[in-house]
$ cat input.cif   # mmCIF, C-alpha atoms (C1' of nucleotides)
data_input
#
loop_
_atom_site.label_atom_id
_atom_site.label_comp_id
_atom_site.auth_asym_id
_atom_site.auth_seq_id
_atom_site.Cartn_x
_atom_site.Cartn_y
_atom_site.Cartn_z
CA MET K 13 -270.59 17.67 28.37
CA SER K 14 -268.06 19.19 26.04
CA ASP K 15 -266.45 16.28 27.79
CA VAL K 16 -267.06 12.89 26.34
CA LYS K 17 -265.02 12.54 23.18
CA GLY K 18 -264.11 9.57 21.07
CA SER K 19 -265.55 6.12 21.65
CA ALA K 20 -268.00 5.41 18.86
CA ALA K 21 -270.75 4.19 21.17
CA LEU K 22 -270.88 7.52 22.98
CA ARG K 23 -270.33 9.68 19.93
CA ALA K 24 -273.35 8.18 18.22
CA THR K 25 -275.58 9.29 21.02
CA LEU K 26 -278.07 12.16 21.05
CA VAL K 27 -277.08 13.38 24.49
CA PHE K 28 -273.46 13.45 23.48
CA ASN K 29 -274.03 15.60 20.41
CA LEU K 30 -276.53 17.81 22.16
CA GLY K 31 -274.23 18.27 25.11
CA THR K 32 -271.15 19.02 23.05
CA LEU K 33 -272.82 21.39 20.64
CA GLY K 34 -274.86 22.97 23.40
CA ALA K 35 -271.73 23.86 25.29
CA LEU K 36 -270.21 25.18 22.07
CA ALA K 37 -273.25 27.30 21.32
CA ALA K 38 -273.35 28.61 24.88
CA ASP K 39 -269.70 29.62 24.66
CA ARG K 40 -270.17 31.46 21.38
CA PHE K 41 -273.13 33.33 22.75
CA ALA K 42 -271.31 34.12 25.99
CA ALA K 43 -268.35 35.51 24.08
CA ARG K 44 -270.52 37.89 22.09
CA VAL K 45 -272.61 38.98 25.02
CA GLU K 46 -269.51 39.66 27.05
CA GLU K 47 -268.74 42.56 24.72
CA LEU K 48 -271.87 44.16 26.10
CA GLY K 49 -270.55 43.73 29.62
CA LEU K 50 -273.04 40.96 30.32
CA LYS K 51 -273.06 37.31 31.24
CA PRO K 52 -275.58 34.92 29.70
CA LYS K 53 -277.57 34.98 32.93
CA HIS K 54 -277.97 38.72 32.62
CA ALA K 55 -279.43 38.22 29.18
CA GLY K 56 -281.66 35.55 30.66
CA LEU K 57 -282.95 37.91 33.28
CA LEU K 58 -283.59 40.66 30.76
CA ALA K 59 -285.43 38.19 28.55
CA ALA K 60 -287.54 36.94 31.45
CA LEU K 61 -288.46 40.53 32.30
CA ASP K 62 -289.41 41.15 28.69
CA ALA K 63 -291.48 37.98 28.48
CA GLY K 64 -293.72 38.29 31.49
CA SER K 65 -294.66 41.68 32.79
CA ALA K 66 -293.09 43.15 35.89
CA ALA K 67 -292.18 40.40 38.33
CA SER K 68 -290.82 40.01 41.82
CA GLN K 69 -287.36 38.63 42.32
CA GLN K 70 -288.74 35.40 43.76
CA GLU K 71 -290.84 34.80 40.69
CA LEU K 72 -287.88 35.52 38.48
CA ALA K 73 -285.71 33.10 40.43
CA ALA K 74 -288.34 30.41 39.89
CA ARG K 75 -288.62 31.21 36.18
CA LEU K 76 -284.90 31.04 35.63
CA GLY K 77 -284.41 28.07 37.89
CA VAL K 78 -281.78 29.73 40.08
CA ALA K 79 -281.48 30.70 43.74
CA PRO K 80 -283.16 33.98 44.74
CA SER K 81 -279.85 35.22 46.06
CA LEU K 82 -278.45 35.01 42.57
CA ILE K 83 -281.19 37.26 41.25
CA VAL K 84 -280.11 39.87 43.77
CA SER K 85 -276.64 40.22 42.34
CA LEU K 86 -277.76 39.99 38.72
CA ALA K 87 -280.32 42.71 39.37
CA ASP K 88 -277.72 44.79 41.20
CA GLN K 89 -275.46 44.73 38.18
CA LEU K 90 -278.22 45.39 35.68
CA GLN K 91 -279.42 48.24 37.81
CA ALA K 92 -275.92 49.69 37.85
CA LEU K 93 -276.02 49.56 34.05
CA GLY K 94 -279.34 51.37 34.08
CA ALA K 95 -281.05 48.39 32.47
CA VAL K 96 -283.61 47.67 35.16
CA GLU K 97 -285.49 49.55 37.86
CA ARG K 98 -286.33 48.27 41.33
CA LEU K 99 -289.65 49.38 42.73
CA ARG K 100 -291.19 48.38 46.05
CA ASP K 101 -294.58 46.87 45.38
CA PRO K 102 -296.96 49.26 47.20
CA ASP K 103 -299.37 46.38 47.87
CA ASP K 104 -296.65 44.30 49.50
CA ARG K 105 -293.63 46.25 50.52
CA ARG K 106 -291.49 43.18 50.89
CA ARG K 107 -291.47 42.61 47.17
CA GLN K 108 -289.06 44.29 44.80
CA VAL K 109 -290.65 44.63 41.39
CA LEU K 110 -288.16 44.69 38.55
CA THR K 111 -288.93 46.44 35.30
CA LEU K 112 -287.00 46.96 32.10
CA THR K 113 -285.86 50.48 31.34
CA PRO K 114 -285.46 51.68 27.74
CA GLU K 115 -281.76 51.00 28.16
CA GLY K 116 -282.65 47.50 29.30
CA ARG K 117 -284.71 46.95 26.18
CA ARG K 118 -281.86 48.21 24.06
CA LEU K 119 -279.45 45.80 25.73
CA LEU K 120 -281.87 42.93 25.30
CA SER K 121 -282.20 43.57 21.61
CA ARG K 122 -278.43 43.62 21.31
CA CYS K 123 -278.40 40.26 23.07
CA ALA K 124 -280.82 38.99 20.46
CA GLU K 125 -278.49 40.26 17.75
CA ALA K 126 -275.63 38.47 19.46
CA ALA K 127 -277.63 35.24 19.43
CA GLU K 128 -278.45 35.64 15.77
CA ALA K 129 -274.84 36.35 14.92
CA ALA K 130 -273.77 33.26 16.82
CA ASP K 131 -276.44 31.32 14.93
CA ALA K 132 -275.11 32.48 11.61
CA GLU K 133 -271.58 31.55 12.60
CA LEU K 134 -272.66 28.16 13.84
CA ALA K 135 -274.82 27.26 10.87
CA ALA K 136 -272.46 28.65 8.23
CA GLY K 137 -272.11 26.19 5.41
CA LEU K 138 -274.99 24.06 6.60
CA ASP K 139 -277.49 23.54 3.85
CA PRO K 140 -280.82 25.24 4.53
CA ASP K 141 -282.90 22.07 4.52
CA ARG K 142 -280.75 20.52 7.16
CA ARG K 143 -280.75 23.66 9.21
CA ALA K 144 -284.52 23.88 9.07
CA ALA K 145 -284.84 20.24 10.08
CA LEU K 146 -282.45 20.82 12.94
CA ALA K 147 -284.35 23.86 14.16
CA GLU K 148 -287.61 21.95 13.95
CA GLY K 149 -286.19 18.98 15.82
CA LEU K 150 -284.88 21.20 18.59
CA ARG K 151 -288.17 23.03 18.79
CA ALA K 152 -290.07 19.76 19.16
CA LEU K 153 -287.67 18.52 21.78
CA GLY K 154 -287.85 21.78 23.68
CA ALA K 155 -291.64 21.67 23.63
CA ARG K 156 -291.48 18.32 25.43
CA HIS K 157 -288.89 19.29 28.01
CA VAL K 158 -288.56 23.01 28.59
CA PRO K 159 -291.21 24.44 30.95
CA HIS K 160 -293.76 26.58 29.12
CA MET A 27 -277.31 28.69 28.65
CA SER A 28 -280.11 26.99 30.42
CA ASP A 29 -280.32 30.69 31.14
CA VAL A 30 -282.05 32.82 28.58
CA LYS A 31 -285.77 32.23 28.82
CA GLY A 32 -288.71 34.04 27.35
CA SER A 33 -288.32 36.88 24.92
CA ALA A 34 -289.42 35.57 21.54
CA ALA A 35 -286.39 36.94 19.71
CA LEU A 36 -284.04 34.87 21.81
CA ARG A 37 -286.21 31.80 22.02
CA ALA A 38 -286.36 31.53 18.24
CA THR A 39 -282.62 31.24 18.04
CA LEU A 40 -280.53 28.14 17.34
CA VAL A 41 -277.99 28.88 20.05
CA PHE A 42 -280.72 29.32 22.59
CA ASN A 43 -282.32 25.95 21.89
CA LEU A 44 -279.02 24.19 21.54
CA GLY A 45 -277.76 25.71 24.76
CA THR A 46 -280.88 24.95 26.76
CA LEU A 47 -281.31 21.41 25.53
CA GLY A 48 -277.60 20.77 25.68
CA ALA A 49 -277.54 21.64 29.35
CA LEU A 50 -280.57 19.47 29.90
CA ALA A 51 -279.00 16.53 28.11
CA ALA A 52 -275.76 16.97 30.01
CA ASP A 53 -277.63 16.96 33.31
CA ARG A 54 -279.53 13.79 32.46
CA PHE A 55 -276.36 12.04 31.45
CA ALA A 56 -274.53 13.28 34.53
CA ALA A 57 -277.29 11.99 36.79
CA ARG A 58 -277.09 8.50 35.32
CA VAL A 59 -273.35 8.35 35.28
CA GLU A 60 -273.20 9.46 38.87
CA GLU A 61 -274.72 6.13 39.87
CA LEU A 62 -271.51 4.58 38.59
CA GLY A 63 -269.50 6.89 40.84
CA LEU A 64 -268.34 8.93 37.88
CA LYS A 65 -268.54 12.48 36.61
CA PRO A 66 -269.05 13.17 32.92
CA LYS A 67 -265.40 14.07 32.60
CA HIS A 68 -264.43 10.63 33.81
CA ALA A 69 -266.57 9.13 31.08
CA GLY A 70 -264.90 11.53 28.67
CA LEU A 71 -261.47 10.36 29.70
CA LEU A 72 -262.43 6.70 29.42
CA ALA A 73 -263.88 7.36 25.99
CA ALA A 74 -260.77 9.19 24.86
CA LEU A 75 -258.64 6.28 26.02
CA ASP A 76 -260.85 3.88 24.13
CA ALA A 77 -260.78 5.98 20.97
CA GLY A 78 -257.07 6.49 20.45
CA SER A 79 -254.65 3.92 21.69
CA ALA A 80 -252.61 4.46 24.84
CA ALA A 81 -251.84 8.13 25.29
CA SER A 82 -249.84 10.39 27.59
CA GLN A 83 -251.68 12.67 29.95
CA GLN A 84 -250.63 15.71 27.96
CA GLU A 85 -252.16 14.32 24.80
CA LEU A 86 -255.32 13.47 26.67
CA ALA A 87 -255.53 16.97 28.09
CA ALA A 88 -255.28 18.34 24.58
CA ARG A 89 -257.92 15.94 23.25
CA LEU A 90 -260.37 16.79 26.00
CA GLY A 91 -259.57 20.48 25.95
CA VAL A 92 -258.78 20.70 29.66
CA ALA A 93 -255.74 21.57 31.75
CA PRO A 94 -253.17 18.80 32.24
CA SER A 95 -253.55 19.18 35.97
CA LEU A 96 -257.18 18.15 35.67
CA ILE A 97 -256.17 14.93 33.94
CA VAL A 98 -254.04 14.11 36.93
CA SER A 99 -256.93 14.06 39.35
CA LEU A 100 -259.32 12.35 36.94
CA ALA A 101 -256.71 9.66 36.32
CA ASP A 102 -256.09 9.36 40.07
CA GLN A 103 -259.74 8.63 40.69
CA LEU A 104 -260.09 6.24 37.78
CA GLN A 105 -256.99 4.45 38.90
CA ALA A 106 -258.45 4.12 42.40
CA LEU A 107 -261.48 2.50 40.78
CA GLY A 108 -259.22 0.11 38.90
CA ALA A 109 -260.38 1.49 35.57
CA VAL A 110 -257.04 2.68 34.22
CA GLU A 111 -253.38 1.81 34.60
CA ARG A 112 -250.49 4.24 34.70
CA LEU A 113 -247.29 3.09 33.04
CA ARG A 114 -244.09 5.04 32.63
CA ASP A 115 -243.24 5.16 28.97
CA PRO A 116 -239.89 3.30 28.80
CA ASP A 117 -238.83 5.44 25.82
CA ASP A 118 -239.49 8.66 27.72
CA ARG A 119 -239.73 8.19 31.41
CA ARG A 120 -241.39 11.56 31.94
CA ARG A 121 -244.57 10.38 30.28
CA GLN A 122 -247.31 8.49 32.06
CA VAL A 123 -249.10 6.26 29.61
CA LEU A 124 -252.70 5.59 30.55
CA THR A 125 -254.43 2.43 29.43
CA LEU A 126 -257.89 1.03 30.01
CA THR A 127 -258.18 -2.03 32.18
CA PRO A 128 -260.96 -4.58 31.63
CA GLU A 129 -262.80 -2.85 34.47
CA GLY A 130 -262.33 0.43 32.63
CA ARG A 131 -263.85 -1.02 29.51
CA ARG A 132 -266.74 -2.33 31.54
CA LEU A 133 -267.33 1.10 33.07
CA LEU A 134 -267.13 2.74 29.67
CA SER A 135 -269.75 0.43 28.25
CA ARG A 136 -271.99 1.23 31.19
CA CYS A 137 -271.48 4.91 30.40
CA ALA A 138 -272.60 4.20 26.87
CA GLU A 139 -275.69 2.49 28.24
CA ALA A 140 -276.33 5.51 30.42
CA ALA A 141 -276.13 7.75 27.37
CA GLU A 142 -278.52 5.56 25.43
CA ALA A 143 -280.95 5.48 28.32
CA ALA A 144 -280.79 9.27 28.56
CA ASP A 145 -281.39 9.40 24.81
CA ALA A 146 -284.46 7.27 25.08
CA GLU A 147 -285.80 9.40 27.91
CA LEU A 148 -285.12 12.59 26.01
CA ALA A 149 -286.57 11.48 22.72
CA ALA A 150 -289.58 9.72 24.19
CA GLY A 151 -292.68 10.66 22.25
CA LEU A 152 -290.71 12.28 19.47
CA ASP A 153 -291.73 10.85 16.14
CA PRO A 154 -288.96 8.84 14.49
CA ASP A 155 -288.66 11.03 11.39
CA ARG A 156 -288.09 14.08 13.48
CA ARG A 157 -285.65 12.29 15.68
CA ALA A 158 -283.67 11.07 12.69
CA ALA A 159 -283.62 14.55 11.21
CA LEU A 160 -282.45 15.96 14.51
CA ALA A 161 -279.67 13.40 14.82
CA GLU A 162 -278.58 14.10 11.27
CA GLY A 163 -278.59 17.86 11.80
CA LEU A 164 -276.53 17.53 14.96
CA ARG A 165 -274.12 15.21 13.20
CA ALA A 166 -273.65 17.69 10.35
CA LEU A 167 -273.14 20.53 12.78
CA GLY A 168 -270.68 18.54 14.82
CA ALA A 169 -268.71 17.66 11.72
CA ARG A 170 -268.21 21.35 11.06
CA HIS A 171 -267.30 22.37 14.59
CA VAL A 172 -266.07 19.53 16.75
CA PRO A 173 -262.39 18.70 16.20
CA HIS A 174 -261.84 15.42 14.38
"C1'" DG C 19 -221.72 18.29 29.73
"C1'" DT C 20 -224.66 22.07 30.28
"C1'" DG C 21 -228.80 24.82 29.55
"C1'" DA C 22 -233.38 24.84 27.68
"C1'" DA C 23 -237.57 22.33 26.99
"C1'" DT C 24 -241.16 18.92 28.36
"C1'" DC C 25 -243.72 15.91 31.40
"C1'" DA C 26 -246.54 14.91 35.67
"C1'" DT C 27 -247.79 16.68 39.96
"C1'" DT C 28 -249.02 19.79 43.71
"C1'" DC C 29 -251.04 23.71 45.37
"C1'" DG C 30 -253.14 28.19 45.70
"C1'" DA C 31 -256.55 31.16 43.47
"C1'" DG C 32 -260.84 32.51 40.94
"C1'" DC C 33 -265.45 32.05 39.39
"C1'" DC C 34 -270.07 30.58 40.04
"C1'" DG C 35 -273.90 29.26 42.28
"C1'" DT C 36 -276.13 27.59 46.61
"C1'" DG C 37 -278.05 27.52 51.35
"C1'" DA C 38 -278.25 29.31 55.94
"C1'" DA C 39 -278.82 33.28 58.44
"C1'" DC C 40 -281.13 38.01 59.27
"C1'" DG C 41 -284.19 42.15 59.21
"C1'" DA C 42 -288.28 43.98 57.34
"C1'" DT C 43 -292.90 43.27 56.21
"C1'" DA C 44 -297.26 40.75 55.77
"C1'" DT C 45 -300.83 37.40 57.27
"C1'" DG C 46 -303.83 34.77 60.26
"C1'" DA C 47 -305.65 33.14 64.92
"C1'" DG C 48 -307.40 34.18 69.06
"C1'" DC R 9 -305.26 44.44 68.82
"C1'" DT R 10 -301.50 41.34 69.44
"C1'" DC R 11 -298.60 37.85 68.85
"C1'" DA R 12 -296.83 33.86 66.29
"C1'" DT R 13 -295.67 32.48 61.76
"C1'" DA R 14 -294.50 32.89 56.95
"C1'" DT R 15 -292.49 35.35 53.04
"C1'" DC R 16 -289.40 38.60 50.64
"C1'" DG R 17 -284.89 40.49 49.64
"C1'" DT R 18 -280.28 40.67 51.12
"C1'" DT R 19 -275.79 39.30 52.92
"C1'" DC R 20 -272.32 36.12 53.61
"C1'" DA R 21 -269.64 31.90 54.09
"C1'" DC R 22 -269.00 27.85 51.81
"C1'" DG R 23 -268.27 23.91 48.15
"C1'" DG R 24 -267.42 22.47 43.49
"C1'" DC R 25 -264.88 22.95 39.51
"C1'" DT R 26 -261.20 24.40 36.71
"C1'" DC R 27 -257.11 26.85 35.73
"C1'" DG R 28 -252.20 28.56 36.05
"C1'" DA R 29 -247.83 28.99 38.34
"C1'" DA R 30 -244.22 26.61 40.74
"C1'" DT R 31 -241.54 22.27 41.39
"C1'" DG R 32 -238.87 18.15 40.44
"C1'" DA R 33 -237.72 14.60 37.26
"C1'" DT R 34 -236.31 13.58 32.75
"C1'" DT R 35 -235.04 14.42 27.96
"C1'" DC R 36 -233.17 17.04 24.12
"C1'" DA R 37 -230.06 20.26 21.46
"C1'" DC R 38 -225.70 21.74 20.84
#

$ encode --input "input.cif" --output "structure tokens"
Amino acid sequence: MSDVKGSAALRATLVFNLGTLGALAADRFAARVEELGLKPKHAGLLAALDAGSAASQQELAARLGVAPSLIVSLADQLQALGAVERLRDPDDRRRQVLTLTPEGRRLLSRCAEAAEAADAELAAGLDPDRRAALAEGLRALGARHVPH
Amino acid sequence: MSDVKGSAALRATLVFNLGTLGALAADRFAARVEELGLKPKHAGLLAALDAGSAASQQELAARLGVAPSLIVSLADQLQALGAVERLRDPDDRRRQVLTLTPEGRRLLSRCAEAAEAADAELAAGLDPDRRAALAEGLRALGARHVPH
DNA sequence: GTGAATCATTCGAGCCGTGAACGATATGAG
DNA sequence: CTCATATCGTTCACGGCTCGAATGATTCAC
């Protein structure tokens, strides 16, 4: 959606602007997070772990809206970084329970910093009223469309 | 960027909301445009052709921010649909000049309809003031970051 | 006229995510 | 208790998407 350019009729559209700027924002965030050795999905997984308490990989896959097999490799990499621990659930030894380590929490907070830095860069030179209105509009839209 | 979920610090962020909703908007648009047998990039190419006047594939690649080789296959497909014409530029026979056919213009306007329909779906139940503020905020942001 | 630059095109490669297997474990019916 | 069935995590092969290098045609600079 960084796609559609030109053509007044498309440019005037909400989906067009949202798509374009969304891709831009995602790229900026990805660039910053890459310096931590992470992809956005890694940050997503860390955040999901921080939000709910310890969860199985299936639950996490559902939360993030990705295939369970993807969680496996994300968790592998985060585990290699010492950011998460895998524990067999003693009540159901099929389940792998993932938990954040202190290092994981540190990484997550650096991801949050990255997001805030990207925010500042994106909103630079935007007058505060407009920025607040934008944030509020996005929040309202998200409330209607993003699960939870 | 439909990634990062949970974790208050990230959720509060502009990039997070923009990224999430941007991906959502892009998906909705893609779904509608697919019924026309097109991908979003095809719509992007049509729109770019409509915006500037006849352009070489190199120029189009630059405008869309993609590799020239991608333009080739997009143009191939659009040509097969009868939406664009390829003409050798008589002043420089290396260049292929792409132009919209009437069918191309028809398709483009249906893409615009798809975008508007996706808009309506997205903004349903959002009060008009908020929606206007959102559109204005996005416009201002785009003006600062999207070329041209 | 000759060599360097530019265009469109083809083709191979890389990244990313999915879905179909598979083994281990758990659950329920008889 | 036992066997059939379902669920979890894991591996692996594949498809979609995009890029970059190589190629051939054409133009440009000198």

$ interface_residues --input "input.cif" --of "chain K" --to "chain C" --cutoff "7 Å" --atoms "all atoms listed in the file" --output "list in words"
Ala79, Arg105 and Arg106 of chain K

$ atom_distance --input "input.cif" --atom1 "CA of Gly149 in chain K" --atom2 "CA of Leu160 in chain A"
5.0 Å

$ interface_residues --input "input.cif" --of "chain K" --to "chain A" --cutoff "8 Å" --atoms "only C-alpha atoms" --output "VMD selection string"
chain K and resid 13 15 to 22 25 to 35 37 to 38 41 52 to 53 55 to 57 59 to 60 62 to 64 75 to 76 123 to 124 127 to 128 130 to 131 134 to 135 138 142 to 143 145 to 154 157

$ atom_distance --input "input.cif" --atom1 "CA of Glu133 in chain K" --atom2 "C1' of DC25 in chain R"
29.0 Å

$ resolve_selection --input "input.cif" --expression "the PyMOL selection byres ((chain R) within 9 of (chain K))" --output "count of residues only"
5

$ residues_around --input "input.cif" --residues "Leu104 in chain A" --least-positions-apart "4" --cutoff "9 Å" --atoms "all atoms listed in the file" --output "list of chain:residue names"
A:Leu64, A:His68, A:Leu72, A:Ser99, A:Leu100, A:Gly108, A:Ala109, A:Val110, A:Glu111, A:Gly130

$ calpha_fit_and_write --input "input.cif" --fixed "chain A" --moving "chain K" --output "CSV table (one decimal) with C-alpha atoms, in the coordinates of the input"
chain,number,residue,atom,x,y,z
K,13,MET,CA,-277.3,28.6,28.7
K,14,SER,CA,-280.1,26.9,30.5
K,15,ASP,CA,-280.3,30.6,31.2
K,16,VAL,CA,-282.0,32.7,28.6
K,17,LYS,CA,-285.8,32.1,28.8
K,18,GLY,CA,-288.7,34.0,27.4
K,19,SER,CA,-288.4,36.8,25.0
K,20,ALA,CA,-289.5,35.5,21.6
K,21,ALA,CA,-286.5,36.9,19.7
K,22,LEU,CA,-284.1,34.8,21.8
K,23,ARG,CA,-286.3,31.8,22.0
K,24,ALA,CA,-286.4,31.5,18.3
K,25,THR,CA,-282.7,31.2,18.0
K,26,LEU,CA,-280.6,28.2,17.3
K,27,VAL,CA,-278.0,28.9,20.0
K,28,PHE,CA,-280.8,29.3,22.6
K,29,ASN,CA,-282.4,26.0,21.9
K,30,LEU,CA,-279.1,24.2,21.5
K,31,GLY,CA,-277.8,25.7,24.7
K,32,THR,CA,-280.9,25.0,26.7
K,33,LEU,CA,-281.3,21.4,25.5
K,34,GLY,CA,-277.6,20.8,25.7
K,35,ALA,CA,-277.5,21.7,29.3
K,36,LEU,CA,-280.6,19.5,29.9
K,37,ALA,CA,-279.0,16.6,28.1
K,38,ALA,CA,-275.8,17.0,30.0
K,39,ASP,CA,-277.6,17.0,33.3
K,40,ARG,CA,-279.5,13.8,32.4
K,41,PHE,CA,-276.4,12.1,31.4
K,42,ALA,CA,-274.5,13.3,34.5
K,43,ALA,CA,-277.3,12.0,36.8
K,44,ARG,CA,-277.1,8.5,35.3
K,45,VAL,CA,-273.3,8.4,35.3
K,46,GLU,CA,-273.2,9.5,38.8
K,47,GLU,CA,-274.7,6.2,39.8
K,48,LEU,CA,-271.5,4.6,38.6
K,49,GLY,CA,-269.5,6.9,40.8
K,50,LEU,CA,-268.3,8.9,37.9
K,51,LYS,CA,-268.5,12.5,36.6
K,52,PRO,CA,-269.0,13.2,32.9
K,53,LYS,CA,-265.4,14.1,32.6
K,54,HIS,CA,-264.4,10.6,33.8
K,55,ALA,CA,-266.5,9.1,31.0
K,56,GLY,CA,-264.9,11.5,28.6
K,57,LEU,CA,-261.4,10.3,29.7
K,58,LEU,CA,-262.4,6.7,29.4
K,59,ALA,CA,-263.8,7.3,26.0
K,60,ALA,CA,-260.7,9.2,24.8
K,61,LEU,CA,-258.6,6.2,26.0
K,62,ASP,CA,-260.8,3.9,24.1
K,63,ALA,CA,-260.7,5.9,21.0
K,64,GLY,CA,-257.0,6.4,20.5
K,65,SER,CA,-254.6,3.9,21.7
K,66,ALA,CA,-252.6,4.4,24.9
K,67,ALA,CA,-251.8,8.1,25.3
K,68,SER,CA,-249.8,10.4,27.6
K,69,GLN,CA,-251.6,12.6,30.0
K,70,GLN,CA,-250.6,15.7,28.0
K,71,GLU,CA,-252.1,14.3,24.8
K,72,LEU,CA,-255.3,13.5,26.7
K,73,ALA,CA,-255.5,17.0,28.1
K,74,ALA,CA,-255.2,18.3,24.6
K,75,ARG,CA,-257.8,15.9,23.3
K,76,LEU,CA,-260.3,16.8,26.0
K,77,GLY,CA,-259.5,20.5,25.9
K,78,VAL,CA,-258.7,20.7,29.6
K,79,ALA,CA,-255.7,21.6,31.7
K,80,PRO,CA,-253.1,18.8,32.2
K,81,SER,CA,-253.5,19.2,36.0
K,82,LEU,CA,-257.1,18.1,35.6
K,83,ILE,CA,-256.1,14.9,33.9
K,84,VAL,CA,-254.0,14.1,36.9
K,85,SER,CA,-256.9,14.0,39.3
K,86,LEU,CA,-259.3,12.3,36.9
K,87,ALA,CA,-256.7,9.6,36.3
K,88,ASP,CA,-256.1,9.3,40.1
K,89,GLN,CA,-259.7,8.6,40.7
K,90,LEU,CA,-260.1,6.2,37.8
K,91,GLN,CA,-257.0,4.4,38.9
K,92,ALA,CA,-258.5,4.1,42.4
K,93,LEU,CA,-261.5,2.5,40.8
K,94,GLY,CA,-259.2,0.1,38.9
K,95,ALA,CA,-260.4,1.5,35.6
K,96,VAL,CA,-257.0,2.7,34.2
K,97,GLU,CA,-253.4,1.8,34.6
K,98,ARG,CA,-250.5,4.2,34.7
K,99,LEU,CA,-247.3,3.0,33.1
K,100,ARG,CA,-244.0,5.0,32.7
K,101,ASP,CA,-243.2,5.1,29.0
K,102,PRO,CA,-239.8,3.3,28.9
K,103,ASP,CA,-238.7,5.4,25.9
K,104,ASP,CA,-239.4,8.6,27.8
K,105,ARG,CA,-239.7,8.2,31.5
K,106,ARG,CA,-241.3,11.5,32.0
K,107,ARG,CA,-244.5,10.4,30.3
K,108,GLN,CA,-247.3,8.5,32.1
K,109,VAL,CA,-249.1,6.2,29.6
K,110,LEU,CA,-252.7,5.6,30.6
K,111,THR,CA,-254.4,2.4,29.5
K,112,LEU,CA,-257.9,1.0,30.0
K,113,THR,CA,-258.2,-2.0,32.2
K,114,PRO,CA,-261.0,-4.6,31.6
K,115,GLU,CA,-262.8,-2.9,34.5
K,116,GLY,CA,-262.3,0.4,32.6
K,117,ARG,CA,-263.9,-1.0,29.5
K,118,ARG,CA,-266.8,-2.3,31.5
K,119,LEU,CA,-267.3,1.1,33.1
K,120,LEU,CA,-267.1,2.7,29.7
K,121,SER,CA,-269.8,0.5,28.2
K,122,ARG,CA,-272.0,1.2,31.2
K,123,CYS,CA,-271.5,4.9,30.4
K,124,ALA,CA,-272.6,4.2,26.9
K,125,GLU,CA,-275.7,2.5,28.2
K,126,ALA,CA,-276.3,5.5,30.4
K,127,ALA,CA,-276.1,7.8,27.4
K,128,GLU,CA,-278.5,5.6,25.4
K,129,ALA,CA,-280.9,5.5,28.3
K,130,ALA,CA,-280.8,9.3,28.6
K,131,ASP,CA,-281.4,9.4,24.8
K,132,ALA,CA,-284.5,7.3,25.1
K,133,GLU,CA,-285.8,9.4,27.9
K,134,LEU,CA,-285.1,12.6,26.0
K,135,ALA,CA,-286.6,11.5,22.7
K,136,ALA,CA,-289.6,9.7,24.2
K,137,GLY,CA,-292.7,10.7,22.3
K,138,LEU,CA,-290.8,12.3,19.5
K,139,ASP,CA,-291.8,10.9,16.2
K,140,PRO,CA,-289.0,8.8,14.5
K,141,ASP,CA,-288.7,11.0,11.4
K,142,ARG,CA,-288.1,14.1,13.5
K,143,ARG,CA,-285.7,12.3,15.7
K,144,ALA,CA,-283.7,11.1,12.7
K,145,ALA,CA,-283.7,14.6,11.2
K,146,LEU,CA,-282.5,16.0,14.5
K,147,ALA,CA,-279.7,13.4,14.8
K,148,GLU,CA,-278.6,14.1,11.2
K,149,GLY,CA,-278.7,17.9,11.8
K,150,LEU,CA,-276.6,17.6,14.9
K,151,ARG,CA,-274.2,15.2,13.2
K,152,ALA,CA,-273.7,17.7,10.3
K,153,LEU,CA,-273.2,20.6,12.7
K,154,GLY,CA,-270.7,18.6,14.8
K,155,ALA,CA,-268.8,17.7,11.7
K,156,ARG,CA,-268.3,21.4,11.0
K,157,HIS,CA,-267.4,22.4,14.5
K,158,VAL,CA,-266.1,19.6,16.7
K,159,PRO,CA,-262.4,18.7,16.1
K,160,HIS,CA,-262.0,15.4,14.3

$ atom_distance --input "input.cif" --atom1 "C1' of DG24 in chain R" --atom2 "CA of Leu72 in chain K"
24.8 Å

$ closest_residue --input "input.cif" --among "K:Ala155, K:Val109, K:Arg98, K:Leu119" --to "Glu71 in chain K" --atoms "only C-alpha atoms"
K:Val109

$ axis_aligned_box --input "input.cif" --around "range 115-129 of chain K" --padding-each-side "6 Å" --output "JSON"
{"center_x": -279.8, "center_y": 43.1, "center_z": 22.1, "size_x": 21.9, "size_y": 27.8, "size_z": 26.4}

$ build_atoms --input "input.cif" --residues "range 111-116 of chain K" --atoms "N, CA and C atoms" --output "short mmCIF file (atom, residue, chain, number, x, y, z; two decimals), keeping the file's coordinate frame"
data_model
loop_
_atom_site.label_atom_id
_atom_site.label_comp_id
_atom_site.auth_asym_id
_atom_site.auth_seq_id
_atom_site.Cartn_x
_atom_site.Cartn_y
_atom_site.Cartn_z
N THR K 111 -288.40 46.10 36.63
CA THR K 111 -288.93 46.44 35.30
C THR K 111 -287.80 46.85 34.39
N LEU K 112 -287.98 46.57 33.11
CA LEU K 112 -287.00 46.96 32.10
C LEU K 112 -287.06 48.46 31.86
N THR K 113 -285.91 49.08 31.78
CA THR K 113 -285.86 50.48 31.34
C THR K 113 -285.65 50.47 29.83
N PRO K 114 -285.77 51.62 29.19
CA PRO K 114 -285.46 51.68 27.74
C PRO K 114 -284.06 51.14 27.46
N GLU K 115 -283.11 51.52 28.31
CA GLU K 115 -281.76 51.00 28.16
C GLU K 115 -281.74 49.47 28.27
N GLY K 116 -282.55 48.94 29.15
CA GLY K 116 -282.65 47.50 29.30
C GLY K 116 -283.17 46.86 28.02
#
